[in-house]
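**Q** Below is one structure. I have some questions about it.
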Amino acid sequence: MNRKYRKTIIAGNWKMNMLASEIKGFMEQLKENMPASRNCDVVLCTPAVMIPAMAKAGKDCKVYAGGQDVSKYEKGAYTGEISAAQLADVGAKYCVVGHSERRQYHGESDMLVNEKTKALIAKGIKPIICVGESLEQRENELTMEYVAYQVKAALSGIDAADLKQCIIAYEPIWAIGTGKTATSEQAQEVCCGIREVIRKKYGARPARSISILYGGSMNAKNAAELLSMPDIDGGLIGGASLKPVDFSTIIAASNQE
Ligand code: PEP
């Protein structure tokens, strides 16, 4: 982390878990365990139907509600889709985009991720853009080449002013939900590489200011070490964000200097 130049963000991704009726109890436990003073933004990305309840429950303790996906379209005949304006209207401040599960199970392309990112920016929602390599790509030493390609594709046509709204999450696919975490050195190397991609495209200042998160089996035990790395500005956390005590421990770990 480097708090002098950029925001630390601890974001939970609940995926398709929990019920709206469980939010109150979860938040009570989270508040009980969360450090009184925090140096980070805390976000919980819930299923869309739970965003209003999360936005309400998080208001007094500054936990922001986030979405997990968005339509690339502004409005219209797109049954089942949710627009950026609708997310903003119910209180979403952040939204995950291009998660590997969306890319894998719903065939989302880099171009679609780019269009969704632009749709979010247009409505003032901060996109958390997910990128990351497969195990095969890592074993073939293609990690940085592939991740750089994903970052450039996601940010295509986005200018430096709009980049200020964006967050990148480096999530190696082989580490998501597997219990296999990237080592802090592996995660640092790729996050630093992503910052270099941003520097080449936008210049030194935007590169210094963008928050780059690590995601992939981050938990209460390994968070402090991952977050101590200079180019890791927070976490995108799946499984451990469903447990209020573990999630609050990760938040506390982000308080380190
Ligand atoms: C994720 O869903 O983005 C994620 C990183 O999940 P987990 O922490 O469970 O690996």
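Note on naming: chains are A, B, ... as they come in the structure tokens, residues start from 1 per chain, ligands start from 1 in the order shown.
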7 Å from ligand 1 is the threshold here; counting only C-alpha atoms and all ligand atoms, which polymer residues fall inside it? Answer as a PyMOL selection string.
**A** chain A and resi 13+15+99+171+175-179+215-218+236-240
**Q** Quick check for you: according to DSSP on this backbone, which residues of stretch 194-257 of chain A are classed as strand (DSSP E)? Reply as a tab-separated table (two decimals) with C-alpha atoms, in the first residue's frame.
**A**
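Result went into part00.tsv, see below:
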chain	number	residue	atom	x	y	z
A	211	SER	CA	-5.65	1.64	-6.58
A	212	ILE	CA	-4.72	-1.91	-7.54
A	213	LEU	CA	-6.22	-4.69	-5.44
A	214	TYR	CA	-5.27	-8.33	-5.06
A	215	GLY	CA	-7.94	-11.03	-5.03
A	234	GLY	CA	-6.31	-3.52	-0.96
A	235	GLY	CA	-8.21	-6.70	-1.58
A	236	LEU	CA	-11.16	-8.15	-3.44
A	237	ILE	CA	-12.32	-10.90	-1.16
**Q** Taking only stretch 49-146 of chain A into account, list the residues labelled helix (DSSP H, G or I) by DSSP (computed from the backbone), as an MDAnalysis selection string.
**A** chainID A and resid 49:58 84:89 100:106 110:122 135:139 143:146
**Q** Selection from above, C-alpha atoms, as an mmCIF file, in the first residue's frame, can you write it?
**A**
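Output (selection_17.cif):
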data_model
loop_
_atom_site.group_PDB
_atom_site.id
_atom_site.type_symbol
_atom_site.label_atom_id
_atom_site.label_comp_id
_atom_site.auth_asym_id
_atom_site.auth_seq_id
_atom_site.Cartn_x
_atom_site.Cartn_y
_atom_site.Cartn_z
ATOM 1 C CA VAL A 49 -31.487 -7.301 -5.156
ATOM 2 C CA MET A 50 -29.629 -6.816 -1.869
ATOM 3 C CA ILE A 51 -27.933 -3.517 -2.733
ATOM 4 C CA PRO A 52 -30.655 -1.280 -1.205
ATOM 5 C CA ALA A 53 -30.498 -3.202 2.095
ATOM 6 C CA MET A 54 -26.693 -3.095 2.103
ATOM 7 C CA ALA A 55 -26.608 0.626 1.268
ATOM 8 C CA LYS A 56 -28.974 1.279 4.181
ATOM 9 C CA ALA A 57 -27.167 -0.991 6.654
ATOM 10 C CA GLY A 58 -23.749 0.401 5.729
ATOM 11 C CA ALA A 84 -25.655 1.393 -14.226
ATOM 12 C CA ALA A 85 -28.315 4.046 -13.578
ATOM 13 C CA GLN A 86 -30.421 1.461 -11.733
ATOM 14 C CA LEU A 87 -27.438 0.380 -9.632
ATOM 15 C CA ALA A 88 -26.668 3.993 -8.755
ATOM 16 C CA ASP A 89 -30.316 4.677 -7.991
ATOM 17 C CA SER A 100 -13.365 -14.345 -14.071
ATOM 18 C CA GLU A 101 -16.603 -16.158 -13.199
ATOM 19 C CA ARG A 102 -18.486 -13.821 -15.572
ATOM 20 C CA ARG A 103 -15.810 -14.268 -18.228
ATOM 21 C CA GLN A 104 -15.832 -18.064 -17.798
ATOM 22 C CA TYR A 105 -19.525 -18.879 -17.284
ATOM 23 C CA HIS A 106 -21.093 -16.061 -19.297
ATOM 24 C CA ASP A 110 -12.585 -7.982 -23.050
ATOM 25 C CA MET A 111 -14.625 -5.716 -25.298
ATOM 26 C CA LEU A 112 -17.759 -6.265 -23.226
ATOM 27 C CA VAL A 113 -15.789 -5.582 -20.029
ATOM 28 C CA ASN A 114 -14.664 -2.292 -21.583
ATOM 29 C CA GLU A 115 -18.241 -1.337 -22.510
ATOM 30 C CA LYS A 116 -19.503 -2.191 -19.021
ATOM 31 C CA THR A 117 -16.672 -0.183 -17.461
ATOM 32 C CA LYS A 118 -17.694 2.844 -19.523
ATOM 33 C CA ALA A 119 -21.370 2.363 -18.583
ATOM 34 C CA LEU A 120 -20.431 2.460 -14.874
ATOM 35 C CA ILE A 121 -18.187 5.500 -15.213
ATOM 36 C CA ALA A 122 -20.983 7.376 -17.005
ATOM 37 C CA LEU A 135 -2.851 -21.619 -14.239
ATOM 38 C CA GLU A 136 -1.864 -22.691 -17.738
ATOM 39 C CA GLN A 137 -0.904 -19.139 -18.674
ATOM 40 C CA ARG A 138 1.171 -18.811 -15.502
ATOM 41 C CA GLU A 139 2.922 -22.112 -16.137
ATOM 42 C CA THR A 143 1.045 -13.990 -16.977
ATOM 43 C CA MET A 144 2.183 -10.427 -17.485
ATOM 44 C CA GLU A 145 1.602 -10.403 -21.216
ATOM 45 C CA TYR A 146 -1.975 -11.594 -20.762
#
**Q** Using only C-alpha atoms, find the one residue out of A:Lys221, A:Arg3, A:Tyr202, A:Ile173 that sits nearest to A:Gly157.
**A**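 Nearest to A:Gly157: A:Tyr202.
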**Q** When you draw a straight line from atom CA of A:Leu163 to atom CA of A:Arg6, how long is it in Å?
**A**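 Atom CA of A:Arg6 lies 13.0 Å from atom CA of A:Leu163.
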**Q** So, with only C-alpha atoms as the atoms that count, which of A:Lys59, A:Ala153, A:Cys191, A:Gly132 lies closest to A:Trp174?
**A** A:Gly132
**Q** Need the shell around A:Ile129: protein/DNA/RNA residues with any atom at most 7 Å away, counting only C-alpha atoms. Skip same-chain ones fewer than 3 positions apart. Format as a ChimeraX atom specification?
**A** /A:96-98,167-169
**Q** Rank A:Glu225, A:Gly25, A:Ser134, A:Thr46 by their smallest atom-to-atom distance to A:Ala253, using only C-alpha atoms, and report the top residue only.
**A**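 Nearest candidate to A:Ala253 out of A:Glu225, A:Gly25, A:Ser134, A:Thr46: A:Glu225.
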**Q** Nearest residue to A:Pro230 out of A:Ile128, A:Ala148, A:Cys192, A:Ala11, using only C-alpha atoms?
**A**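 Result for the nearest residue to A:Pro230: A:Cys192.
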**Q** Which one is closest to A:Leu19: A:Leu242, A:Cys40, A:Ala160, A:Ile82? Count only C-alpha atoms.
**A** A:Leu242
**Q** Please indicate the distance in Å from atom CA of A:Gly203 to atom CA of A:Asp159, rounded to one decimal place.
**A**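 It comes out at 11.5 Å.
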**Q** Could you tell me how far atom CA of A:Glu81 lies from atom CA of A:Val131, in Å and to one decimal?
**A**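 Interatomic distance, atom CA of A:Glu81 to atom CA of A:Val131: 22.5 Å.
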